[in-house]
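The block underneath contains the structure these notes are about, expressed in structure tokens.
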Amino acid sequence: MNQNDAFDAGRRKWLKTGATVAALGAVAATGLFAPRAVRAEEKASKDTMMYQPTPHGKETCANCIHYIPGKNPKADGTCNVVAGAVAPQAWCVAYAAKG
């Protein structure tokens, strides 16, 4: 092994290290490493949540944790999951019993 071979091996190492640092810098600059809260910005459609205007056994929107009641017990309310007006006697796959 002569002096030029040793120089080439050292040079390759520096080039690989430099390329790795540059790649990591590019990824960091795009924000892929930045922690962020995962949060749904939009509610799901009624079709997506298989919303039905009738109860599913004893399960109704009125006794679901996601339901926000209307002005009176028979009035449509809203939901934290489903978009649009939601009937208190309706049901969807997001149903979760209160308490």
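Letters A, B, ... go to the chains of the structure tokens in the order shown; residues in each chain start at 1; ligands are counted from 1 in the same order.
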
### Message
Please list as an MDAnalysis selection string every residue within 9 Å of Val86 of chain A, counting only C-alpha atoms and excluding residues in the same chain fewer than 3 positions away.
### Response
chainID A and resid 51 53 61 67:70 75:79 82:83 89:91

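Relative to atom CA of Ala96 of chain A, atom CA of Gly84 of chain A is found at 18.4 Å.
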
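Checking A:Lys98, A:Pro88, A:Lys71, A:Val81 one by one against Thr48 of chain A, counting only C-alpha atoms, you find the shortest gap at A:Val81.
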
#### Entry: Interatomic distance (Å, one decimal) between atom CA of Asn63 of chain A and atom CA of Ala97 of chain A
6.0 Å

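Computed from the coordinates, the atom CA of Cys92 of chain A to atom CA of Glu41 of chain A distance equals 19.6 Å.
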